[in-house]
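Peer 1: File start_7.cif below, mmCIF, C-alpha atoms and all ligand atoms:
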data_protein
loop_
_atom_site.label_atom_id
_atom_site.label_comp_id
_atom_site.auth_asym_id
_atom_site.auth_seq_id
_atom_site.Cartn_x
_atom_site.Cartn_y
_atom_site.Cartn_z
CA MET A 354 0.00 0.00 0.00
CA SER A 355 1.44 3.35 -0.94
CA LEU A 356 1.93 5.94 1.73
CA ARG A 357 -0.79 8.08 0.22
CA ARG A 358 -3.35 5.29 0.37
CA VAL A 359 -2.49 4.63 4.03
CA GLU A 360 -2.81 8.30 4.82
CA SER A 361 -6.11 8.74 3.02
CA SER A 362 -7.65 5.64 4.56
CA ALA A 363 -6.63 6.84 8.00
CA ARG A 364 -8.28 10.14 7.24
CA ARG A 365 -11.37 8.33 6.06
CA ARG A 366 -11.51 6.29 9.24
CA ARG A 367 -11.35 9.41 11.35
CA SER A 368 -13.93 11.36 9.42
CA PRO A 369 -17.15 9.64 10.63
CA TRP A 370 -16.48 10.95 14.12
CA SER A 371 -15.89 14.52 13.09
CA LEU A 372 -19.01 14.23 10.93
CA ILE A 373 -21.08 12.86 13.82
CA GLY A 374 -19.69 15.59 16.06
CA LEU A 375 -20.53 18.23 13.50
CA VAL A 376 -24.08 16.91 12.99
CA GLY A 377 -24.56 16.82 16.76
CA LEU A 378 -23.34 20.39 17.10
CA VAL A 379 -25.63 21.59 14.31
CA LEU A 380 -28.61 19.81 15.92
CA ILE A 381 -27.89 21.34 19.30
CA LEU A 382 -27.46 24.81 17.81
CA ALA A 383 -30.63 24.39 15.73
CA GLY A 384 -32.46 23.58 18.95
CA CYS A 385 -31.58 27.07 20.20
CA ALA A 386 -33.35 28.86 17.33
CA SER A 387 -35.71 31.55 18.52
CA ASN A 388 -37.58 31.72 15.21
CA ALA A 389 -38.93 28.17 15.16
CA PRO A 390 -42.38 28.33 13.57
CA LEU A 391 -42.79 24.55 13.74
CA ASP A 392 -41.88 24.28 17.43
CA THR A 393 -44.32 22.01 19.19
CA PHE A 394 -42.93 23.22 22.55
CA GLN A 395 -44.41 26.68 21.98
CA PRO A 396 -48.13 25.95 22.41
CA GLU A 397 -50.43 28.74 21.20
CA GLY A 398 -53.86 27.25 21.74
CA GLN A 399 -55.87 25.08 24.13
CA GLU A 400 -55.16 21.73 22.40
CA ALA A 401 -51.42 22.34 22.16
CA GLN A 402 -51.45 23.47 25.81
CA THR A 403 -53.30 20.29 26.84
CA ILE A 404 -50.56 18.22 25.20
CA MET A 405 -47.85 20.36 26.78
CA ASP A 406 -49.43 19.77 30.20
CA LEU A 407 -48.92 16.04 29.64
CA VAL A 408 -45.47 16.29 28.06
CA LEU A 409 -43.91 18.18 30.96
CA PRO A 410 -44.73 15.74 33.81
CA VAL A 411 -43.94 12.71 31.61
CA PHE A 412 -40.64 14.28 30.61
CA LEU A 413 -39.87 15.01 34.24
CA VAL A 414 -40.54 11.43 35.33
CA ALA A 415 -38.53 10.11 32.39
CA ALA A 416 -35.66 12.43 33.27
CA VAL A 417 -35.61 11.22 36.90
CA VAL A 418 -35.69 7.58 35.76
CA PHE A 419 -32.89 8.31 33.29
CA VAL A 420 -30.67 9.94 35.87
CA VAL A 421 -31.28 7.21 38.48
CA VAL A 422 -30.74 4.30 36.06
CA GLU A 423 -27.75 5.77 34.25
CA GLY A 424 -26.29 6.96 37.54
CA ALA A 425 -26.63 3.46 38.99
CA ILE A 426 -25.02 1.90 35.92
CA VAL A 427 -22.06 4.27 36.03
CA PHE A 428 -21.68 3.83 39.78
CA ILE A 429 -21.81 0.04 39.58
CA LEU A 430 -19.35 -0.03 36.66
CA TRP A 431 -16.96 2.01 38.72
CA LYS A 432 -17.46 0.22 42.03
CA PHE A 433 -17.15 -3.30 40.65
CA ARG A 434 -14.52 -2.66 38.00
CA SER A 435 -11.86 -5.36 37.75
CA ARG A 436 -8.73 -4.69 39.71
CA LYS A 437 -5.18 -5.87 39.16
CA ASP A 438 -5.15 -8.34 42.03
CA ASP A 439 -8.57 -9.85 41.18
CA ASP A 440 -8.67 -13.59 40.64
CA PRO A 441 -9.48 -13.85 36.87
CA ASP A 442 -11.52 -17.03 37.43
CA GLU A 443 -13.71 -15.57 40.14
CA VAL A 444 -17.37 -15.29 39.15
CA PRO A 445 -19.54 -12.50 40.63
CA THR A 446 -22.41 -13.46 42.95
CA GLN A 447 -25.29 -14.59 40.73
CA VAL A 448 -28.61 -12.85 41.36
CA HIS A 449 -30.62 -14.54 38.61
CA GLY A 450 -33.93 -15.72 40.03
CA ASN A 451 -33.71 -13.42 43.03
CA THR A 452 -37.40 -13.10 43.85
CA ARG A 453 -37.17 -9.79 45.67
CA LEU A 454 -35.27 -8.16 42.85
CA GLU A 455 -37.58 -9.61 40.18
CA ILE A 456 -40.68 -8.36 41.95
CA GLY A 457 -39.01 -5.02 42.60
CA TRP A 458 -38.17 -4.23 39.02
CA THR A 459 -41.56 -5.40 37.80
CA VAL A 460 -43.58 -3.43 40.32
CA LEU A 461 -41.58 -0.21 40.20
CA PRO A 462 -42.07 0.45 36.45
CA ALA A 463 -45.75 -0.44 36.80
CA VAL A 464 -46.10 2.07 39.62
CA ILE A 465 -44.41 4.73 37.46
CA LEU A 466 -46.31 3.91 34.28
CA ALA A 467 -49.79 3.66 35.83
CA PRO A 468 -50.22 7.39 36.55
CA ILE A 469 -48.66 8.24 33.19
CA ALA A 470 -51.22 5.96 31.51
CA VAL A 471 -54.07 7.62 33.39
CA LEU A 472 -52.86 11.11 32.45
CA THR A 473 -52.38 10.06 28.82
CA VAL A 474 -55.86 8.59 28.48
CA LEU A 475 -57.40 11.66 30.14
CA THR A 476 -55.51 13.87 27.67
CA ILE A 477 -56.75 11.84 24.71
CA PHE A 478 -60.33 12.25 25.91
CA GLU A 479 -59.82 15.94 26.49
CA LEU A 480 -58.51 16.39 22.94
CA GLU A 481 -61.74 14.89 21.63
CA GLN A 482 -63.86 17.59 23.33
CA ARG A 483 -65.48 20.13 21.04
CA ASP A 484 -66.80 23.54 22.01
CA ASP A 485 -70.44 24.22 21.16
CA ASP A 486 -69.54 27.09 18.83
CA ALA A 487 -66.66 25.26 17.12
CA LEU A 488 -66.29 26.09 13.42
CA ARG A 489 -66.17 23.09 11.14
CA VAL A 490 -63.57 23.01 8.38
CA GLU A 491 -62.98 20.08 6.05
CA VAL A 492 -59.31 19.36 5.36
CA ILE A 493 -58.37 17.39 2.26
CA GLY A 494 -54.85 16.22 1.47
CA ASN A 495 -53.81 16.12 -2.19
CA GLN A 496 -50.49 15.33 -3.82
CA TRP A 497 -49.02 17.90 -2.95
CA TRP A 498 -51.18 20.60 -1.41
CA TRP A 499 -53.90 20.96 1.22
CA GLU A 500 -57.47 22.03 0.52
CA PHE A 501 -59.80 23.60 3.08
CA ARG A 502 -63.56 23.70 2.70
CA TYR A 503 -66.11 25.66 4.68
CA ASP A 504 -69.82 24.98 4.72
CA ILE A 505 -70.85 28.43 5.87
CA GLU A 506 -74.53 28.14 4.97
CA GLY A 507 -74.76 24.73 6.62
CA ASN A 508 -76.45 23.05 3.69
CA GLY A 509 -73.91 20.26 3.33
CA GLU A 510 -72.10 21.97 0.46
CA ALA A 511 -68.76 23.72 0.57
CA ASP A 512 -69.33 27.39 -0.19
CA ILE A 513 -65.76 28.51 0.45
CA ILE A 514 -62.83 26.47 -0.82
CA THR A 515 -59.22 27.52 -0.26
CA ALA A 516 -55.82 25.92 -0.55
CA THR A 517 -52.64 26.04 1.55
CA GLU A 518 -53.97 28.80 3.84
CA MET A 519 -56.71 27.91 6.30
CA VAL A 520 -58.29 31.15 7.50
CA VAL A 521 -59.91 30.92 10.93
CA PRO A 522 -61.17 33.26 13.64
CA ALA A 523 -58.71 33.58 16.54
CA GLY A 524 -59.96 32.36 19.90
CA ARG A 525 -62.58 30.00 18.46
CA GLN A 526 -62.15 26.25 18.28
CA ILE A 527 -61.94 24.79 14.77
CA ASP A 528 -63.47 21.35 14.39
CA LEU A 529 -61.54 19.63 11.61
CA ALA A 530 -62.71 16.75 9.42
CA ILE A 531 -59.58 15.43 7.76
CA THR A 532 -59.40 13.17 4.71
CA SER A 533 -57.33 12.61 1.58
CA ASN A 534 -57.92 12.36 -2.16
CA ASP A 535 -55.04 10.07 -3.02
CA VAL A 536 -52.51 8.70 -0.56
CA ILE A 537 -52.04 9.02 3.19
CA HIS A 538 -50.92 12.48 4.31
CA SER A 539 -50.67 13.85 7.82
CA PHE A 540 -51.93 17.21 9.03
CA TRP A 541 -49.79 18.93 11.62
CA ILE A 542 -49.73 22.51 12.89
CA PRO A 543 -47.17 21.99 15.67
CA ARG A 544 -48.01 25.07 17.73
CA LEU A 545 -51.75 24.29 17.71
CA ASN A 546 -52.09 20.53 18.17
CA GLY A 547 -50.52 17.15 17.49
CA LYS A 548 -50.74 15.49 14.11
CA ARG A 549 -53.51 13.48 12.53
CA ASP A 550 -53.38 11.30 9.42
CA ALA A 551 -55.38 12.14 6.31
CA VAL A 552 -56.46 8.78 4.88
CA PRO A 553 -58.41 8.31 1.63
CA GLY A 554 -61.93 7.01 2.23
CA ARG A 555 -61.89 7.89 5.92
CA THR A 556 -62.66 11.04 7.88
CA HIS A 557 -60.60 11.73 10.97
CA THR A 558 -61.73 14.41 13.39
CA TRP A 559 -59.31 16.77 15.05
CA SER A 560 -59.38 20.31 16.38
CA ILE A 561 -57.21 23.39 16.67
CA THR A 562 -57.57 26.71 18.44
CA ALA A 563 -55.34 29.71 17.85
CA ASP A 564 -55.44 32.03 20.86
CA GLU A 565 -54.01 35.03 19.04
CA PRO A 566 -54.29 36.33 15.47
CA GLY A 567 -51.29 35.36 13.35
CA TYR A 568 -49.73 32.72 11.17
CA TYR A 569 -49.32 29.15 12.37
CA TRP A 570 -47.15 27.04 10.12
CA GLY A 571 -47.46 23.39 9.23
CA GLN A 572 -46.10 20.69 7.02
CA CYS A 573 -47.41 17.35 5.76
CA THR A 574 -45.79 14.77 8.03
CA GLU A 575 -46.56 11.49 6.30
CA PHE A 576 -44.35 10.67 3.34
CA CYS A 577 -46.66 11.07 0.34
CA GLY A 578 -44.37 10.84 -2.67
CA LEU A 579 -42.33 13.13 -4.86
CA SER A 580 -43.10 16.55 -3.40
CA HIS A 581 -43.91 15.52 0.16
CA ALA A 582 -41.36 18.04 1.45
CA GLU A 583 -43.09 20.78 -0.59
CA MET A 584 -46.50 20.20 0.94
CA ARG A 585 -46.88 22.90 3.55
CA MET A 586 -49.81 24.79 4.98
CA ARG A 587 -50.59 27.69 7.26
CA VAL A 588 -53.37 28.55 9.60
CA VAL A 589 -54.17 32.25 9.32
CA ALA A 590 -55.98 33.29 12.48
CA LEU A 591 -57.81 36.59 12.06
CA PRO A 592 -59.48 38.77 14.68
CA PRO A 593 -63.15 37.57 14.68
CA ASP A 594 -64.55 40.65 12.88
CA GLU A 595 -61.91 40.41 10.16
CA TYR A 596 -62.72 36.75 9.81
CA GLU A 597 -66.40 37.63 9.22
CA GLU A 598 -65.32 40.09 6.53
CA TRP A 599 -63.16 37.42 4.94
CA VAL A 600 -66.15 35.06 4.85
CA GLN A 601 -68.32 37.68 3.14
CA THR A 602 -65.74 38.37 0.41
CA GLN A 603 -64.96 34.71 -0.14
CA LEU A 604 -68.66 33.94 -0.59
CA GLN A 605 -68.71 36.30 -3.59
CA PRO A 606 -67.90 34.90 -7.03
CA ALA A 607 -64.57 36.05 -8.45
CA PRO A 608 -64.70 39.70 -9.59
CA ALA A 609 -65.46 40.27 -13.28
CA PRO A 610 -62.44 41.22 -15.46
CA GLN A 611 -61.80 44.99 -15.53
CA THR A 612 -59.21 45.22 -18.32
CA ALA A 613 -58.81 43.74 -21.77
CA SER A 614 -55.91 41.54 -20.67
CA GLN A 615 -57.87 40.24 -17.66
CA ALA A 616 -60.73 39.41 -20.00
CA ARG A 617 -58.39 37.56 -22.34
CA GLY A 618 -56.95 35.79 -19.31
CA GLN A 619 -60.40 34.71 -18.20
CA GLU A 620 -61.18 33.40 -21.66
CA LEU A 621 -57.95 31.42 -21.71
CA PHE A 622 -58.62 30.16 -18.22
CA SER A 623 -61.97 28.75 -19.27
CA GLN A 624 -60.31 26.93 -22.17
CA GLN A 625 -57.01 25.76 -20.67
CA CYS A 626 -57.34 25.64 -16.92
CA ALA A 627 -60.95 25.05 -15.97
CA SER A 628 -60.69 21.32 -16.52
CA CYS A 629 -58.68 21.20 -13.30
CA HIS A 630 -59.21 24.52 -11.50
CA ARG A 631 -62.43 26.03 -10.29
CA ILE A 632 -63.12 29.76 -10.27
CA ASP A 633 -66.56 30.34 -8.83
CA GLY A 634 -68.67 32.33 -11.30
CA LEU A 635 -67.11 30.90 -14.45
CA GLU A 636 -69.29 28.71 -16.58
CA ALA A 637 -66.78 26.00 -17.38
CA GLN A 638 -65.38 24.50 -14.21
CA PRO A 639 -64.88 21.12 -12.61
CA ASP A 640 -67.47 19.80 -10.18
CA PRO A 641 -65.99 20.46 -6.72
CA ASP A 642 -67.20 17.06 -5.56
CA ASP A 643 -65.63 15.24 -8.46
CA HIS A 644 -62.50 13.87 -6.88
CA PRO A 645 -61.05 10.84 -8.63
CA LEU A 646 -58.67 8.92 -6.41
CA VAL A 647 -55.58 10.25 -8.13
CA ALA A 648 -56.43 13.87 -7.63
CA GLY A 649 -55.69 15.42 -11.03
CA VAL A 650 -57.66 18.47 -10.00
CA GLY A 651 -55.93 21.59 -8.76
CA PRO A 652 -56.65 24.19 -6.08
CA ASP A 653 -59.76 26.38 -6.22
CA LEU A 654 -58.58 29.73 -7.60
CA THR A 655 -61.75 31.80 -7.02
CA HIS A 656 -59.93 34.21 -4.69
CA PHE A 657 -56.41 33.06 -5.43
CA ALA A 658 -54.83 36.50 -4.95
CA SER A 659 -56.18 36.74 -1.40
CA ARG A 660 -53.71 34.01 -0.36
CA ARG A 661 -50.12 34.80 0.43
CA ALA A 662 -48.77 31.41 -0.58
CA TYR A 663 -49.34 28.91 -3.36
CA ALA A 664 -48.08 25.58 -4.74
CA GLY A 665 -48.15 23.88 -1.37
CA GLY A 666 -46.82 26.98 0.35
CA ILE A 667 -43.41 26.94 -1.31
CA PHE A 668 -43.96 30.25 -3.10
CA GLU A 669 -44.96 33.59 -1.65
CA LEU A 670 -47.35 35.47 -3.88
CA TYR A 671 -46.47 38.71 -2.09
CA ASP A 672 -43.12 39.88 -0.84
CA PRO A 673 -43.23 39.22 2.93
CA ASP A 674 -41.96 42.71 3.76
CA THR A 675 -43.29 45.04 1.09
CA LEU A 676 -46.42 43.03 0.13
CA GLN A 677 -45.50 43.74 -3.52
CA VAL A 678 -46.80 40.97 -5.74
CA ARG A 679 -44.10 38.60 -6.97
CA ARG A 680 -45.26 38.43 -10.53
CA GLY A 681 -42.15 36.83 -11.99
CA GLN A 682 -42.50 33.71 -9.85
CA LEU A 683 -46.15 33.25 -10.81
CA GLU A 684 -45.22 33.65 -14.48
CA ALA A 685 -42.50 31.03 -14.04
CA TRP A 686 -45.08 28.70 -12.50
CA LEU A 687 -47.36 29.00 -15.52
CA ARG A 688 -44.43 28.74 -17.94
CA ASP A 689 -43.26 25.39 -16.60
CA PRO A 690 -44.79 24.21 -13.30
CA VAL A 691 -42.78 20.97 -13.12
CA ALA A 692 -39.56 23.00 -13.26
CA GLU A 693 -40.74 24.97 -10.21
CA LYS A 694 -41.92 22.03 -8.10
CA PRO A 695 -41.32 18.31 -8.63
CA MET A 696 -44.61 16.81 -9.85
CA ALA A 697 -45.79 13.94 -12.04
CA PRO A 698 -48.60 15.38 -14.17
CA ASP A 699 -48.44 12.42 -16.56
CA GLU A 700 -49.73 10.29 -13.70
CA GLY A 701 -52.39 12.81 -12.73
CA ARG A 702 -50.30 14.26 -9.93
CA GLY A 703 -49.59 17.93 -10.29
CA MET A 704 -49.87 20.60 -12.92
CA PRO A 705 -48.64 19.96 -16.48
CA ASN A 706 -46.69 22.31 -18.69
CA LEU A 707 -49.39 23.72 -20.95
CA GLY A 708 -47.00 25.27 -23.46
CA LEU A 709 -48.37 28.79 -22.97
CA THR A 710 -46.95 31.73 -24.94
CA GLU A 711 -45.56 34.77 -23.09
CA PRO A 712 -48.57 37.00 -23.97
CA GLN A 713 -50.90 34.24 -22.73
CA ILE A 714 -48.96 34.00 -19.47
CA ASP A 715 -49.21 37.78 -19.04
CA ASP A 716 -52.98 37.75 -19.55
CA LEU A 717 -53.47 34.78 -17.22
CA VAL A 718 -51.41 36.41 -14.47
CA ASP A 719 -53.37 39.65 -14.87
CA TYR A 720 -56.57 37.67 -14.52
CA LEU A 721 -55.38 35.62 -11.52
CA LEU A 722 -54.21 38.76 -9.71
CA SER A 723 -57.61 40.38 -10.27
CA THR A 724 -59.22 37.79 -7.98
CA ALA A 725 -58.43 39.91 -4.88
CA ASP A 726 -57.02 43.32 -3.96
CA GLY A 727 -54.24 41.82 -1.90
CA PRO A 728 -53.46 39.22 0.76
CA VAL A 729 -55.89 38.63 3.61
CA TRP A 730 -53.38 38.77 6.41
CA THR A 731 -50.87 41.61 6.45
CA GLY A 732 -49.87 41.27 10.10
CA PRO A 733 -46.82 39.53 11.60
CA ARG A 734 -45.96 36.16 10.10
CA ASN A 735 -44.39 34.52 13.17
CA ASP A 736 -41.87 32.77 10.93
CU CU A 801 -48.60 14.86 1.99
#
Represent the structure of the file as structure tokens.
Peer 2:
Amino acid sequence: MSLRRVESSARRRRSPWSLIGLVGLVLILAGCASNAPLDTFQPEGQEAQTIMDLVLPVFLVAAVVFVVVEGAIVFILWKFRSRKDDDPDEVPTQVHGNTRLEIGWTVLPAVILAPIAVLTVLTIFELEQRDDDALRVEVIGNQWWWEFRYDIEGNGEADIITATEMVVPAGRQIDLAITSNDVIHSFWIPRLNGKRDAVPGRTHTWSITADEPGYYWGQCTEFCGLSHAEMRMRVVALPPDEYEEWVQTQLQPAPAPQTASQARGQELFSQQCASCHRIDGLEAQPDPDDHPLVAGVGPDLTHFASRRAYAGGIFELYDPDTLQVRRGQLEAWLRDPVAEKPMAPDEGRGMPNLGLTEPQIDDLVDYLLSTADGPVWTGPRND
């Protein structure tokens, strides 16, 4: 073996440890972040607080057990370590089958686990409680974006449909009915509650409450294919009166085009986009209840421009600071969606490249931006 090979293999042997050390350091430092929008240890609503109230005592008990057990192991290792003048053939006293010890280490864990079990079951029941005035929102997972439906008139039909941003009134409990159109996803807003799976053909109930107005960030937490990592969502909690205003505007059909380019955009939309996207008020549009198992359909765009984020929350429609619309990114999305987000439109998952010309893209963007005067929430983002 040449000297170089020896050297490089020695370096290679050393490197895993420096790598592990580095990863450990990064993890520890990341744990110190103050801007951690997905931090489940910063509860901001009654459900998240209920879970926190269970986590703390359980963590405390676990910490005491850890210290006692590890401490005992270290102490015993030290106390009974082999010494130079030990007889190498001597066997330690055998305690196997020692009845008192066996009973002891069976009973003690049971005594510790019993109260934890009681607290856990009580917490589970508490999380199933619903307030009388809870607002029901249907949550539907799609590859790779979340849809939210509101039945405001209470006639069994969704009259408001949004994507990626779930707008709710702050301080009121939201009663969620969670399902999926294609594969299993998982809905998780860490600062508001634990996670719950979205399973096709089933409806899982769950609830969230946001104490204060603001953004609460989330992320699909069940691996659901290609763009699983790009499947994010936000809860936008508004002050109750602003929420009522939001409801009234969302109930309106999309505004009629005001300019020639918006009108051309609308025309194009009816021809090229309405097979997958709904804009309430247009004649040609997919049936909102028509959901084949492989979704195929795209988000409802009736009031698209009232949302701050699109495409599973990976793009901001408005600059977070200036609230200026980011037109270029939206144009890029229409020019070649698959280049902007990994999708598989050939298999009915995601948006295909429709081969639009630049003037067509301009008209479509003009039309899409005419669906609202600006984003709903202009307050702090908590991110
Ligand atoms: Cu998912």
Peer 1: Can you pull out every residue with an atom within 10 Å of ligand CU 801 (chain A)? Use all atoms listed in the file and format it as a ChimeraX atom specification.
Peer 2: /A:494-499,533,535-540,550-551,572-585,665
Peer 1: May I ask for the distance between CA of Gln682 in chain A and CA of Ala389 in chain A, given in Å to one decimal place?
Peer 2: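 Calculated distance between CA of Gln682 in chain A and CA of Ala389 in chain A is 25.9 Å.
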Peer 1: At what distance in Å, to one decimal, does CA of Thr562 in chain A lie from CA of Glu479 in chain A?
Peer 2: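 So the two atoms, CA of Glu479 in chain A and CA of Thr562 in chain A, lie 13.6 Å apart.
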Peer 1: For CA of Gly571 in chain A and CA of Met704 in chain A, quote the distance in Å rounded to one decimal.
Peer 2: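 Interatomic distance, CA of Gly571 in chain A to CA of Met704 in chain A: 22.5 Å.
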Peer 1: Counting only C-alpha atoms, figure out which residue out of A:Phe394, A:Gln601, A:Ile714, A:Thr731 gets nearest to Gln619 in chain A.
Peer 2: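 Counting only C-alpha atoms, the residue closest to Gln619 in chain A is A:Ile714.
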Peer 1: Within 9 Å of Arg544 in chain A, counting only C-alpha atoms, which residues qualify if same-chain residues fewer than 6 places away don't, as a list in words?
Peer 2: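 Skipping anything fewer than 6 positions along the chain leaves Pro390, Leu391, Asp392, Thr393, Phe394, Gln395, Pro396, Glu397, Gly398, Ala401, Gln402, Ala563, Tyr569, Trp570 and Gly571 of chain A.
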Peer 1: Would you write out those residues with C-alpha atoms, as a JSON list (two decimals), in the frame of the given file?
Peer 2:
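So the final result, stored in result-v2.json, reads:
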[["chain", "number", "residue", "atom", "x", "y", "z"],
["A", 390, "PRO", "CA", -42.38, 28.33, 13.57],
["A", 391, "LEU", "CA", -42.79, 24.55, 13.74],
["A", 392, "ASP", "CA", -41.88, 24.28, 17.43],
["A", 393, "THR", "CA", -44.32, 22.01, 19.19],
["A", 394, "PHE", "CA", -42.93, 23.22, 22.55],
["A", 395, "GLN", "CA", -44.41, 26.68, 21.98],
["A", 396, "PRO", "CA", -48.13, 25.95, 22.41],
["A", 397, "GLU", "CA", -50.43, 28.74, 21.20],
["A", 398, "GLY", "CA", -53.86, 27.25, 21.74],
["A", 401, "ALA", "CA", -51.42, 22.34, 22.16],
["A", 402, "GLN", "CA", -51.45, 23.47, 25.81],
["A", 563, "ALA", "CA", -55.34, 29.71, 17.85],
["A", 569, "TYR", "CA", -49.32, 29.15, 12.37],
["A", 570, "TRP", "CA", -47.15, 27.04, 10.12],
["A", 571, "GLY", "CA", -47.46, 23.39, 9.23]]
Peer 1: Identify which of the residues A:Gly377, A:Gly651, A:Gly727, A:Pro410 lies closest to Gln677 in chain A, counting only C-alpha atoms when measuring atom-to-atom distances.
Peer 2: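 Among A:Gly377, A:Gly651, A:Gly727, A:Pro410, it is A:Gly727 that comes nearest to Gln677 in chain A.
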Peer 1: Give the answer as one residue: which of A:Arg702, A:Gln399, A:Ile469, A:Arg661 has the shortest atom-to-atom distance to Phe412 in chain A, using all atoms listed in the file?
Peer 2: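 Residue with the minimum atom-to-atom distance to Phe412 in chain A: A:Ile469.
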Peer 1: Go through A:Val422, A:Ala697, A:Ala523, A:Leu529 and flag the residue nearest Arg489 in chain A, using only C-alpha atoms for the distances.
Peer 2: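 Smallest separation from Arg489 in chain A among the options: A:Leu529.
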Peer 1: Using only C-alpha atoms, which residues sit within 12 Å of Pro673 in chain A once same-chain residues fewer than 6 positions away are excluded, as a PyMOL selection string?
Peer 2: chain A and resi 661-662+679+728+730-736
Peer 1: With all atoms listed in the file as the basis for distance, which of A:Val650, A:Ile667, A:Trp686, A:Ile531 is at the shortest distance from Gly703 in chain A?
Peer 2: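 For Gly703 in chain A, the nearest of the candidates is A:Val650.
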